[in-house]
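Let me begin by presenting the structure, written as structure tokens, before commenting on it.
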Amino acid sequence: MVLAAAVMLALSGCKGGDLVSYDLPAKSARYTFETKTNDVQTVWEYTSAEPAKDDAPELSPCMGDVRGNNKAACRPEPLIFLRYDFDLALDNTVKAGEAHEITVVGYYQERLTALPKVKSLKAETSFDGGKTWRPVTTKGIGKNTFATTIENPRRDQAPEGVGLRISATDSEGNTVRQTLPTAYTLR
């Protein structure tokens, strides 16, 4: 189903970001990739070189495979993605003036070979819209999974909500830094 949808988008002449691929130089180098979506800024730094063989699973093919013009080996780049469990109330808020634990999981696009392991995660919070950031303690609680406890201030001390900045590093030295100006609001 995913392959069929990708083929349909490719055949329909999709332009501007629905299907994206990049050709990087063959020589091993360090790259920075930045994106900003809905005020969430993500910056990846990773090392990449020309792959010796294809490393993309059949259900997540490379663009050359989808278009039928694949001339070189390809693979997903080792970008660390972050998934959050904010444990929010039904109104998408968290109680002010109390400690609140969130869970952050680092993950990657699927590959055929072994993926790196996220070895460290640092968290910072902001209560003033990102003007100042304070470090928050994190601890590993499972494979690529970390917990951080935020001491929420009173609601009037964070009227815009709680901002979160996460920095993670994996076993191959790849990094991600993601800034959420308002991760959640207080009630």
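Chain lettering (A, B, ...) mirrors the order of the structure tokens, residue numbering begins at 1 for each chain separately, and ligand numbering begins at 1 in order of display.
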
Which residues are near stretch 145-154 of chain A? Cut-off 7 Å, only C-alpha atoms, ignore same chain within fewer than 4 positions. Put them as a ChimeraX atom specification. /A:96-106,136-141,158

List every residue of chain A that DSSP, applied to the backbone of this structure, places in strand (DSSP E or B), and write the result as a ChimeraX atom specification. /A:29-37,40-48,81-85,93-94,99-107,118-126,134-136,138-142,145-151,162-170,175-186

Hey, what does DSSP flag as alpha helix (DSSP H) within chain A? Can you give it to me as a list in words?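 Matching residues for alpha helix (DSSP H) in chain A are Val2, Leu3, Ala4, Ala5, Ala6, Val7, Met8, Leu9, Ala10, Leu11, Met63, Gly64, Asp65, Val66 and Arg67 of chain A.
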
Contacts of A:Ile166 at 7 Å or less, counting only C-alpha atoms, minus same-chain residues fewer than 6 places along, as a ChimeraX atom specification? /A:121-124,177-179

Take the residues that were just selected and, keeping N, CA, C and O atoms, output them as a compact mmCIF listing (two decimals), in the first residue's frame.
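Wrote it out as result_16.txt, contents follow:
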# COMPACT_ATOMS: atom_id res chain seq x y z
N LEU A 121 20.75 11.79 25.65
CA LEU A 121 19.69 12.75 25.36
C LEU A 121 19.74 13.81 26.45
O LEU A 121 19.82 13.49 27.63
N LYS A 122 19.75 15.06 26.01
CA LYS A 122 19.73 16.18 26.94
C LYS A 122 18.47 16.98 26.69
O LYS A 122 18.04 17.14 25.55
N ALA A 123 17.88 17.49 27.76
CA ALA A 123 16.65 18.27 27.65
C ALA A 123 16.84 19.63 28.32
O ALA A 123 17.55 19.74 29.32
N GLU A 124 16.18 20.62 27.73
CA GLU A 124 16.15 21.96 28.31
C GLU A 124 14.71 22.45 28.23
O GLU A 124 13.99 22.12 27.30
N ARG A 177 18.91 18.14 17.18
CA ARG A 177 18.45 19.11 18.18
C ARG A 177 17.11 19.62 17.71
O ARG A 177 16.98 20.13 16.59
N GLN A 178 16.10 19.42 18.54
CA GLN A 178 14.75 19.83 18.17
C GLN A 178 14.23 20.79 19.22
O GLN A 178 14.29 20.52 20.41
N THR A 179 13.71 21.93 18.74
CA THR A 179 13.19 22.97 19.62
C THR A 179 11.69 23.11 19.40
O THR A 179 11.25 23.40 18.28

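Counting only C-alpha atoms and comparing A:Val43, A:Leu82, A:Leu112, A:Leu164, the residue that lies closest to A:Arg134 is A:Leu164.
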
Check the smallest atom-to-atom distance from each of A:Thr132, A:Gln157, A:Leu59, A:Ala89 to A:Gln109 using only C-alpha atoms, then report the winner.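 Of all the options, A:Leu59 lies closest to A:Gln109.
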
Any idea what's packed within 10 Å of A:Glu172, counting only C-alpha atoms, ignoring anything in its chain fewer than 2 positions away? Could you give it as a list in words?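 Those residues are Tyr46, Thr47, Pro78, Leu115, Pro116, Lys117, Val118, Lys119, Thr169, Asp170, Asn174 and Thr175 of chain A.
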
What does the file look like for those residues with N, CA, C and O atoms, as an mmCIF file, in the first residue's frame?
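Output (part.cif):
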data_model
loop_
_atom_site.group_PDB
_atom_site.id
_atom_site.type_symbol
_atom_site.label_atom_id
_atom_site.label_comp_id
_atom_site.auth_asym_id
_atom_site.auth_seq_id
_atom_site.Cartn_x
_atom_site.Cartn_y
_atom_site.Cartn_z
ATOM 1 N N TYR A 46 25.059 14.772 10.693
ATOM 2 C CA TYR A 46 25.337 13.353 10.492
ATOM 3 C C TYR A 46 26.455 13.182 9.481
ATOM 4 O O TYR A 46 26.771 14.088 8.709
ATOM 5 N N THR A 47 27.050 12.013 9.503
ATOM 6 C CA THR A 47 28.104 11.679 8.553
ATOM 7 C C THR A 47 27.536 10.718 7.529
ATOM 8 O O THR A 47 26.801 9.793 7.873
ATOM 9 N N PRO A 78 21.251 8.467 8.324
ATOM 10 C CA PRO A 78 21.096 8.142 9.748
ATOM 11 C C PRO A 78 20.568 9.318 10.567
ATOM 12 O O PRO A 78 21.210 9.801 11.502
ATOM 13 N N LEU A 115 20.789 -0.516 12.926
ATOM 14 C CA LEU A 115 20.696 0.926 13.132
ATOM 15 C C LEU A 115 21.563 1.338 14.321
ATOM 16 O O LEU A 115 21.789 0.539 15.238
ATOM 17 N N PRO A 116 22.025 2.595 14.355
ATOM 18 C CA PRO A 116 22.772 3.059 15.523
ATOM 19 C C PRO A 116 21.864 3.076 16.761
ATOM 20 O O PRO A 116 20.645 2.973 16.647
ATOM 21 N N LYS A 117 22.459 3.242 17.907
ATOM 22 C CA LYS A 117 21.705 3.354 19.166
ATOM 23 C C LYS A 117 21.820 4.788 19.670
ATOM 24 O O LYS A 117 22.900 5.386 19.621
ATOM 25 N N VAL A 118 20.715 5.352 20.131
ATOM 26 C CA VAL A 118 20.746 6.679 20.734
ATOM 27 C C VAL A 118 21.377 6.502 22.110
ATOM 28 O O VAL A 118 20.844 5.782 22.951
ATOM 29 N N LYS A 119 22.544 7.134 22.320
ATOM 30 C CA LYS A 119 23.278 6.895 23.563
ATOM 31 C C LYS A 119 23.108 8.000 24.592
ATOM 32 O O LYS A 119 23.320 7.772 25.771
ATOM 33 N N THR A 169 22.319 12.241 20.770
ATOM 34 C CA THR A 169 23.502 11.769 20.046
ATOM 35 C C THR A 169 23.447 10.256 19.984
ATOM 36 O O THR A 169 23.092 9.604 20.970
ATOM 37 N N ASP A 170 23.817 9.687 18.829
ATOM 38 C CA ASP A 170 23.815 8.229 18.723
ATOM 39 C C ASP A 170 25.232 7.656 18.738
ATOM 40 O O ASP A 170 26.224 8.403 18.825
ATOM 41 N N ASN A 174 26.064 10.845 15.210
ATOM 42 C CA ASN A 174 25.008 11.634 14.579
ATOM 43 C C ASN A 174 24.207 12.327 15.671
ATOM 44 O O ASN A 174 24.023 11.774 16.757
ATOM 45 N N THR A 175 23.726 13.538 15.385
ATOM 46 C CA THR A 175 22.991 14.290 16.393
ATOM 47 C C THR A 175 21.705 14.868 15.825
ATOM 48 O O THR A 175 21.548 15.018 14.613
#

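Remark: for A:Gly173, the closest of the candidate residues A:Asp55, A:Asp128, A:Glu45, A:Asp39 is A:Glu45 (distances computed over only C-alpha atoms).
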
Could you state the separation of atom CA of A:Ala183 and atom CA of A:Tyr108 in Å, given to one decimal place?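 Computing it gives 21.7 Å between the two atoms.
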
In Å and to one decimal, atom CA of A:Glu77 is distant from atom CA of A:Ser171 by 14.5 Å

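Distance check against A:Glu34 using only C-alpha atoms: of A:Leu79, A:Pro181, A:Asn144, A:Glu160, the minimum falls on A:Leu79.
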
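Taking atom CA of A:Phe127 and atom CA of A:Trp44 as endpoints, the distance between them is 24.7 Å.
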